[in-house]
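Novice: Questions regarding the structure given below will be posed in turn.
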Amino acid sequence: MLEKQFITKTYYRSLIHENDSRHPIEILGELFAEEEQKEFPDASEIRFAQGEVYFHNKDYEAAIFKWENVHNELEPWAKKNIADAYLELAIYPEAESIYQSINTESLTLRTEVLLQLFSLYIQQEKYQNANQMIKKMVKLNPDYPNVTKLARSFFEKQEDWQSALELAIQEGIRTENLSWFELLKAYIKNGHAKQQLPNFFFDALTVARKNAPDLFEQLVIALWNNYETEQEFFQWLKAFNTYLKNLEWEEEGYSYNFLSKKYKETYDELMGGSYSLKQLTNMIPDLLNAWIKIVGKEEEVLPSSAIFAWNEIVPDRFQADALKIAEKILFNAEVNVDVLEKSKDLNIVIDNWTDKHNLDHNIRIQALSRQSLDFHHQLTGVISFNHDTKTGFLNHFLQEEMVVRNNREGAVSIYKYSDEMKIIQYRDYQEQELSLDQYMASMERGKPAKICYEVNVPNQLLERNQLVIVELPELNRASGLTDAFIETMQILDSLLVVVDVNQGLPESRQKWIEMIQQQFPQLKTYFIQVGTDANEETKSYLGAEVFVYDYTIEHREKLADFLTTDWQQNKLVHQRMKKYLFLIQKKIRNLFDQRMKMKSQLEETIQSKQDLARKVNGAINQLEDLIIEKINMIRKSFILANEETRKELVNDIPVILKDTAKTITKKRDFQRIHIELNDEMNKKIETYLNEECMPKFLSRIRDWLVLCETELKDGKTFLDEIAEGFNSLIGFDRLQLPCDFMILEDWERDIDRLTSGVNYEPVNILLRYTPRQVLLKSAGKVFGKIIQNKEMLVNGFKQLIETGNYGPIVENIADRFFTPFHLIEQGIERDLRLFFKNAFEELKGLAEETDKEINEKTMELVEMKENPEAFRDPLKIFEITRLQYKYILEIDEMAYSQVNS
């Protein structure tokens, strides 16, 4: 009571009479005056009370003065009040210093000082200091009113989830108040616990379980969902399973159905094929041991069967007591598991995994699996030691002589009812629909039962009696029961052993039957004794019932009715499901075998691709050599045509020019003769170029084009041979090496344009000589006389023309004539490379593609060798799941037998 007055600063009321209506200052003043009159005055209590009144009236300085003069047992509270006054005056350093100087044994005062320091730091936004104060307060006096509530509010506002979690756990454990566990659950669900290690929560879980198992379960599930990444999840699972393992676990009334469901979901997820066997081996045993502790009666068969399945594949991971508990539960469990649907789901998972890893589905096993799931029809096998005996019986029994009589002695034929005939051939990795003619013409003499035919026929006996007849290969065709034969036998509900009464069953054949009976003890076996002399008195043979069949309609109907009645009375659904699980096991083993083949195939593929790569690179080099060869040959041929024509031109034009001398006579106008002769010479040259030189050159160029076409076709033939060779190696028409024959048309078009006419420009031949200059060349003559002599002019010009040097002029004409054709010559290399460009790029593309495939296959092979568990582990996990369903099925079968015994 007194401490409450100190906290609220109402101690002064204890000094004032409740009926005194005067102001407390007046009353306390009188009390102070009276105290001072005493011999040994001690006014500390009165000063303390006066300080309170001044404080309430906001006279903080007066209050401080009064409290500073308190020197009795109230001094610690007076100090605290002084600090409060400085806090109200916002003199924070002074207030903080005084608070920190208070030294007292009073738990309440220490708590109040911490509260005030917390408030002071909040006002100054010194949140780290405030955090320290509130934590000290919770640790010092958690039961103090509103301390934990204040701490929770502060931590949440500051988003200090670590401290908030610690507070909820500490208070939940200390008080065992469920509200703290509800708060902890909310923190976890809102994602505030992701950074915490699992064991951070275990003490709280233990207390929660003691007081409220349902809340314990909710907390565990919230934590389960809290750890999202693989590493966090595995860490949580391992830690929690260990925690659960060490808990005292007596019988209790609460059923952990939601937690059990969580365990089931987690187990299914872990077994989904995404984790390695090593990871699961370190995780699953503890998980199953924990799960089996909390699982409800209706689902306890799941963890117990899983323990046995795991122990079979990965032994020595479960302690003996765990196996005993699992065994006890398993053999007393109520089976509420739909094993058939789960087995179908497993089969789908395996098929999806097979597709993902580019493996082949075993088509024949899939077909047998479908037959085993047909619960509406009895699967009856027919077998014999003699092909004719068996087909004779089947022909009569089915009345399908055309269908049954065939040469497929090594195959299995499954005869089913259908409205229309349809025949499907199943090999291990191939499915093909056949016409009746194809079926009748087929011959199978390989390993027994490796090929299976599904023969759908509109047969009334099969429809009426719900029968499916499975014709098996002759027993004496093999030295033992092959895998494919056993796989086919597994789906059968009953077996008819057809024996010719005249041949009997020698001891060697009896051993075959005994082998089958030992291998398939659940299979109902009947001997069909065929022949007109069959003995009706023989009722059983080798422990099996004997049925006489003398090829009459009566016996046909009797046998069909017998099979149907016996099957309907003893439908063994469990046996069918066991057969289905057996075929799943064969499918898994087949995938293991494929992996070994894949390794060899990868090595062969890499070797063949490397050989291909070498050959492609060789072909690229050959093509480059061919291109260079064609460039040199075609360019050389073109240059030769130019040179031959140029040589003729250089020889012919001087003769033409000199021949112009014959046209010079006295009738000429010697003032313009040099101009006229120059024009005449140019016209002759132009005529020569157009009518003689160009046609010859065009003829040579056309020969050159013919040569080009031949050479390019030869190159294309070479490329076609290369493409054919590579496509043969690759196995399909992967490589096409096209060539661009448009370059021939381009050349021909360019040549037609350039040879359509010579664009001749006259040259200066005689214009450099005037008649005067010609005459000056006549040495020893008198210039005046010569100029009057036309004879001399004629002779002078003739001599000039006939003896002139036309070499430079002719070379100039030749250069002009051939210049346009130089562009063709210069473009030959470019054009020929364009001709081979697509082929070249195709080869380079094949080379790059092959190198890429080599790298990919090499990496795949390395991965396969270095990480075999990546392939092996999922298959082992599938097998563990299959074994689990097998155990559940066997327990269910036992329970069914006990009920019906």
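Please note that chains go A, B, ... in the order of the structure tokens, that every chain numbers its residues from 1, and that ligands are numbered from 1 in the order shown.
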Extract, using only C-alpha atoms, all DNA, RNA and protein residues at most 10 Å from A:Gln575, discarding same-chain residues fewer than 3 positions from it, and format them as a PyMOL selection string.
Specialist: chain A and resi 372+490-493+522-523+571-572+578-581+889-890+893
Novice: Next, write the just-selected residues to a file, as a CSV table (one decimal), in the first residue's frame, keeping C-alpha atoms as the atom set.
Specialist:
```
chain,number,residue,atom,x,y,z
A,372,SER,CA,-4.1,-57.5,-64.4
A,490,GLN,CA,1.9,-63.6,-62.9
A,491,ILE,CA,-1.3,-62.1,-64.3
A,492,LEU,CA,-3.2,-65.4,-64.5
A,493,ASP,CA,-6.1,-66.3,-62.3
A,522,GLN,CA,-1.7,-69.2,-55.6
A,523,LEU,CA,-2.4,-70.1,-59.2
A,571,LYS,CA,-12.4,-63.8,-56.9
A,572,LEU,CA,-9.0,-62.9,-55.4
A,578,LYS,CA,-0.1,-58.4,-55.9
A,579,LYS,CA,0.4,-59.3,-59.5
A,580,TYR,CA,0.1,-55.6,-60.4
A,581,LEU,CA,2.8,-54.7,-57.8
A,889,LEU,CA,-1.7,-55.6,-49.1
A,890,GLU,CA,-0.4,-58.7,-47.3
A,893,GLU,CA,-5.1,-60.1,-47.2
```
Novice: Would you mind writing down, as an MDAnalysis selection string, each residue of stretch 105-338 of chain A that DSSP on the backbone assigns to alpha helix (DSSP H)?
Specialist: chainID A and resid 107:123 127:140 147:157 161:175 178:189 202:211 213:226 230:246 257:270 277:294 301:313 320:332
Novice: May I have the residues within 10 Å of A:Ser494 as a PDB file with N, CA and C atoms, in the first residue's frame, using only C-alpha atoms and disregarding those fewer than 2 positions away in the same chain?
Specialist:
```
ATOM      1  N   GLN A 378     -11.877 -63.017 -65.987  1.00  0.00           N
ATOM      2  CA  GLN A 378     -10.922 -64.010 -65.498  1.00  0.00           C
ATOM      3  C   GLN A 378      -9.824 -64.212 -66.539  1.00  0.00           C
ATOM      4  N   LEU A 379      -8.601 -64.173 -66.090  1.00  0.00           N
ATOM      5  CA  LEU A 379      -7.464 -64.403 -66.975  1.00  0.00           C
ATOM      6  C   LEU A 379      -7.041 -65.860 -66.845  1.00  0.00           C
ATOM      7  N   THR A 380      -7.314 -66.630 -67.891  1.00  0.00           N
ATOM      8  CA  THR A 380      -7.053 -68.072 -67.867  1.00  0.00           C
ATOM      9  C   THR A 380      -5.960 -68.403 -68.860  1.00  0.00           C
ATOM     10  N   GLY A 381      -4.878 -68.969 -68.346  1.00  0.00           N
ATOM     11  CA  GLY A 381      -3.773 -69.357 -69.212  1.00  0.00           C
ATOM     12  C   GLY A 381      -3.971 -70.751 -69.779  1.00  0.00           C
ATOM     13  N   VAL A 382      -3.474 -70.948 -70.984  1.00  0.00           N
ATOM     14  CA  VAL A 382      -3.536 -72.265 -71.633  1.00  0.00           C
ATOM     15  C   VAL A 382      -2.126 -72.633 -72.050  1.00  0.00           C
ATOM     16  N   ILE A 469      -8.584 -65.511 -72.506  1.00  0.00           N
ATOM     17  CA  ILE A 469      -7.717 -66.676 -72.669  1.00  0.00           C
ATOM     18  C   ILE A 469      -6.313 -66.207 -73.038  1.00  0.00           C
ATOM     19  N   VAL A 470      -5.324 -66.678 -72.265  1.00  0.00           N
ATOM     20  CA  VAL A 470      -3.938 -66.301 -72.496  1.00  0.00           C
ATOM     21  C   VAL A 470      -3.190 -67.538 -72.985  1.00  0.00           C
ATOM     22  N   MET A 489       2.849 -65.271 -66.652  1.00  0.00           N
ATOM     23  CA  MET A 489       2.180 -66.173 -65.720  1.00  0.00           C
ATOM     24  C   MET A 489       1.635 -65.420 -64.501  1.00  0.00           C
ATOM     25  N   ILE A 491       0.040 -62.713 -64.219  1.00  0.00           N
ATOM     26  CA  ILE A 491      -1.267 -62.057 -64.322  1.00  0.00           C
ATOM     27  C   ILE A 491      -2.423 -63.060 -64.303  1.00  0.00           C
ATOM     28  N   LEU A 492      -2.122 -64.346 -64.359  1.00  0.00           N
ATOM     29  CA  LEU A 492      -3.172 -65.351 -64.532  1.00  0.00           C
ATOM     30  C   LEU A 492      -3.930 -65.619 -63.238  1.00  0.00           C
ATOM     31  N   LEU A 496      -4.750 -73.692 -67.449  1.00  0.00           N
ATOM     32  CA  LEU A 496      -5.170 -74.975 -68.034  1.00  0.00           C
ATOM     33  C   LEU A 496      -3.968 -75.627 -68.684  1.00  0.00           C
ATOM     34  N   VAL A 497      -3.603 -76.829 -68.158  1.00  0.00           N
ATOM     35  CA  VAL A 497      -2.501 -77.588 -68.758  1.00  0.00           C
ATOM     36  C   VAL A 497      -3.140 -78.632 -69.670  1.00  0.00           C
ATOM     37  N   GLN A 522      -0.307 -69.745 -55.643  1.00  0.00           N
ATOM     38  CA  GLN A 522      -1.682 -69.241 -55.572  1.00  0.00           C
ATOM     39  C   GLN A 522      -2.458 -69.469 -56.870  1.00  0.00           C
ATOM     40  N   LEU A 523      -1.768 -69.902 -57.894  1.00  0.00           N
ATOM     41  CA  LEU A 523      -2.397 -70.061 -59.206  1.00  0.00           C
ATOM     42  C   LEU A 523      -3.169 -71.380 -59.269  1.00  0.00           C
ATOM     43  N   LYS A 524      -4.463 -71.283 -59.572  1.00  0.00           N
ATOM     44  CA  LYS A 524      -5.279 -72.490 -59.692  1.00  0.00           C
ATOM     45  C   LYS A 524      -4.948 -73.198 -60.994  1.00  0.00           C
ATOM     46  N   THR A 525      -4.559 -74.462 -60.888  1.00  0.00           N
ATOM     47  CA  THR A 525      -4.120 -75.214 -62.062  1.00  0.00           C
ATOM     48  C   THR A 525      -5.078 -76.377 -62.308  1.00  0.00           C
ATOM     49  N   TYR A 526      -5.447 -76.536 -63.563  1.00  0.00           N
ATOM     50  CA  TYR A 526      -6.326 -77.638 -63.965  1.00  0.00           C
ATOM     51  C   TYR A 526      -5.676 -78.359 -65.139  1.00  0.00           C
ATOM     52  N   LEU A 563     -15.202 -72.886 -65.190  1.00  0.00           N
ATOM     53  CA  LEU A 563     -14.205 -71.834 -64.953  1.00  0.00           C
ATOM     54  C   LEU A 563     -14.858 -70.569 -64.410  1.00  0.00           C
ATOM     55  N   ASP A 566     -16.228 -71.164 -60.715  1.00  0.00           N
ATOM     56  CA  ASP A 566     -15.131 -71.252 -59.748  1.00  0.00           C
ATOM     57  C   ASP A 566     -14.491 -69.876 -59.516  1.00  0.00           C
ATOM     58  N   TRP A 567     -14.365 -69.095 -60.590  1.00  0.00           N
ATOM     59  CA  TRP A 567     -13.736 -67.760 -60.465  1.00  0.00           C
ATOM     60  C   TRP A 567     -14.636 -66.804 -59.684  1.00  0.00           C
TER      61      TRP A 567
END
```
Novice: My list of candidates is A:Gly715, A:Gly731, A:Pro868, A:Gly757. Which is closest to A:Cys693 when distances are computed with only C-alpha atoms?
Specialist: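 Ranked by minimum distance to A:Cys693, first place goes to A:Gly757.
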Novice: Excluding A:Lys264 and residues on its chain fewer than 4 positions from it, collect all residues at most 10 Å away from it, counting only C-alpha atoms, and give them as number ranges by chain.
Specialist: A: 258-260, 268-270, 287-288, 291, 295, 299, 302-303
Novice: Using the selection just defined, write its residues with N, CA and C atoms as a short mmCIF file (atom, residue, chain, number, x, y, z; two decimals), in the first residue's frame.
Specialist:
```cif
data_model
loop_
_atom_site.label_atom_id
_atom_site.label_comp_id
_atom_site.auth_asym_id
_atom_site.auth_seq_id
_atom_site.Cartn_x
_atom_site.Cartn_y
_atom_site.Cartn_z
N PHE A 258 -3.79 -34.06 -37.09
CA PHE A 258 -3.22 -33.08 -38.02
C PHE A 258 -1.71 -33.27 -38.15
N LEU A 259 -1.05 -33.54 -37.04
CA LEU A 259 0.39 -33.77 -37.08
C LEU A 259 0.72 -35.05 -37.85
N SER A 260 -0.10 -36.07 -37.64
CA SER A 260 0.09 -37.32 -38.38
C SER A 260 -0.07 -37.09 -39.88
N ASP A 268 5.45 -38.49 -48.13
CA ASP A 268 5.13 -38.62 -49.56
C ASP A 268 5.98 -37.68 -50.40
N GLU A 269 6.17 -36.46 -49.90
CA GLU A 269 6.99 -35.49 -50.64
C GLU A 269 8.44 -35.96 -50.73
N LEU A 270 8.97 -36.44 -49.62
CA LEU A 270 10.36 -36.92 -49.62
C LEU A 270 10.53 -38.12 -50.55
N LEU A 287 12.19 -40.01 -38.95
CA LEU A 287 10.84 -39.54 -39.28
C LEU A 287 9.80 -40.63 -39.02
N LEU A 288 10.11 -41.84 -39.47
CA LEU A 288 9.16 -42.94 -39.29
C LEU A 288 9.01 -43.31 -37.81
N TRP A 291 6.86 -40.59 -36.39
CA TRP A 291 5.50 -40.66 -36.92
C TRP A 291 4.71 -41.78 -36.25
N VAL A 295 0.88 -41.39 -34.66
CA VAL A 295 -0.11 -41.71 -35.68
C VAL A 295 -1.37 -42.29 -35.06
N GLU A 299 -4.44 -44.82 -39.41
CA GLU A 299 -3.35 -44.65 -40.39
C GLU A 299 -2.04 -45.29 -39.94
N LEU A 302 0.54 -47.12 -42.22
CA LEU A 302 1.45 -46.44 -43.15
C LEU A 302 2.88 -46.36 -42.64
N PRO A 303 3.14 -45.78 -41.45
CA PRO A 303 4.54 -45.73 -41.01
C PRO A 303 5.11 -47.11 -40.69
#
```
Novice: If DSSP is run on the backbone, what residues of stretch 197-381 of chain A are strand (DSSP E or B)? A reply as a list in words would be ideal.
Specialist: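 DSSP on the backbone gives strand (DSSP E or B) at Gln378, Leu379, Thr380 and Gly381 of chain A.
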Novice: Just write the chosen residues, all heavy atoms, as a short mmCIF file (atom, residue, chain, number, x, y, z; two decimals), in the first residue's frame.
Specialist:
```
data_model
loop_
_atom_site.label_atom_id
_atom_site.label_comp_id
_atom_site.auth_asym_id
_atom_site.auth_seq_id
_atom_site.Cartn_x
_atom_site.Cartn_y
_atom_site.Cartn_z
N GLN A 378 -11.88 -63.02 -65.99
CA GLN A 378 -10.92 -64.01 -65.50
C GLN A 378 -9.82 -64.21 -66.54
O GLN A 378 -10.11 -64.38 -67.73
CB GLN A 378 -11.64 -65.34 -65.23
CG GLN A 378 -10.69 -66.42 -64.75
CD GLN A 378 -11.35 -67.77 -64.54
OE1 GLN A 378 -10.74 -68.71 -64.08
NE2 GLN A 378 -12.63 -67.87 -64.88
N LEU A 379 -8.60 -64.17 -66.09
CA LEU A 379 -7.46 -64.40 -66.98
C LEU A 379 -7.04 -65.86 -66.84
O LEU A 379 -6.48 -66.27 -65.82
CB LEU A 379 -6.31 -63.47 -66.60
CG LEU A 379 -6.56 -61.98 -66.81
CD1 LEU A 379 -5.54 -61.14 -66.08
CD2 LEU A 379 -6.54 -61.65 -68.30
N THR A 380 -7.31 -66.63 -67.89
CA THR A 380 -7.05 -68.07 -67.87
C THR A 380 -5.96 -68.40 -68.86
O THR A 380 -6.10 -68.15 -70.06
CB THR A 380 -8.32 -68.87 -68.20
OG1 THR A 380 -9.32 -68.58 -67.21
CG2 THR A 380 -8.04 -70.36 -68.21
N GLY A 381 -4.88 -68.97 -68.35
CA GLY A 381 -3.77 -69.36 -69.21
C GLY A 381 -3.97 -70.75 -69.78
O GLY A 381 -4.57 -71.61 -69.13
#
```
Novice: So which residues touch A:Glu334 within 10 Å, counting only C-alpha atoms, skipping near sequence neighbours fewer than 6 positions away, as an MDAnalysis selection string?
Specialist: chainID A and resid 297:301 888 891:892 895
Novice: Hey, what's within 7 Å of stretch 321-326 of chain A if we count only C-alpha atoms and toss same-chain stuff fewer than 4 positions away? As a ChimeraX atom specification, please?
Specialist: /A:289,304,307,330
Novice: I need the residue nearest A:Asn502 from this list: A:Ser384, A:Gln610, A:Gln529, A:Asn805. Use only C-alpha atoms for the distance.
Specialist: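 For A:Asn502, the nearest of the candidates is A:Gln529.
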Novice: Any idea what's packed within 10 Å of A:Glu176, counting only C-alpha atoms, ignoring anything in its chain fewer than 4 positions away? Could you give it as a list in words?
Specialist: Ile169, Gln170, Glu171, Gly172, Trp180, Phe181, Ala204, Val207, Ala208, Lys210, Asn211 and Ala212 of chain A
Novice: By how many Å are atom CA of A:Gln430 and atom CA of A:Asn362 apart?
Specialist: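 These two atoms are separated by 8.1 Å.
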Novice: Have a look at A:Ala186, A:Val573, A:Ile350, A:Ile414 and name the one nearest to A:Leu373; count only C-alpha atoms.
Specialist: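 Comparing A:Ala186, A:Val573, A:Ile350, A:Ile414 against A:Leu373, the winner is A:Val573.
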Novice: Please indicate the distance in Å from atom CA of A:Thr148 to atom CA of A:His192, rounded to one decimal place.
Specialist: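 So the two atoms, atom CA of A:Thr148 and atom CA of A:His192, lie 18.9 Å apart.
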Novice: Using only C-alpha atoms, find the one residue out of A:Val530, A:Thr281, A:Gln518, A:Asp752 that sits nearest to A:Leu542.
Specialist: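 Closest to A:Leu542, using only C-alpha atoms: A:Gln518.
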Novice: Of the candidates A:Asp611, A:Asp550, A:Glu433, A:Asp750, which one gets nearest to A:Asp500 if we count only C-alpha atoms?
Specialist: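 Of the candidates, the smallest distance to A:Asp500 is held by A:Asp550.
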Novice: Name the closest residue to A:Ile673 among the candidates A:Leu346, A:Leu793, A:Ala367, A:Ala222; distances are taken between atoms, counting only C-alpha atoms.
Specialist: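 Under the stated criterion, the closest residue is A:Leu793.
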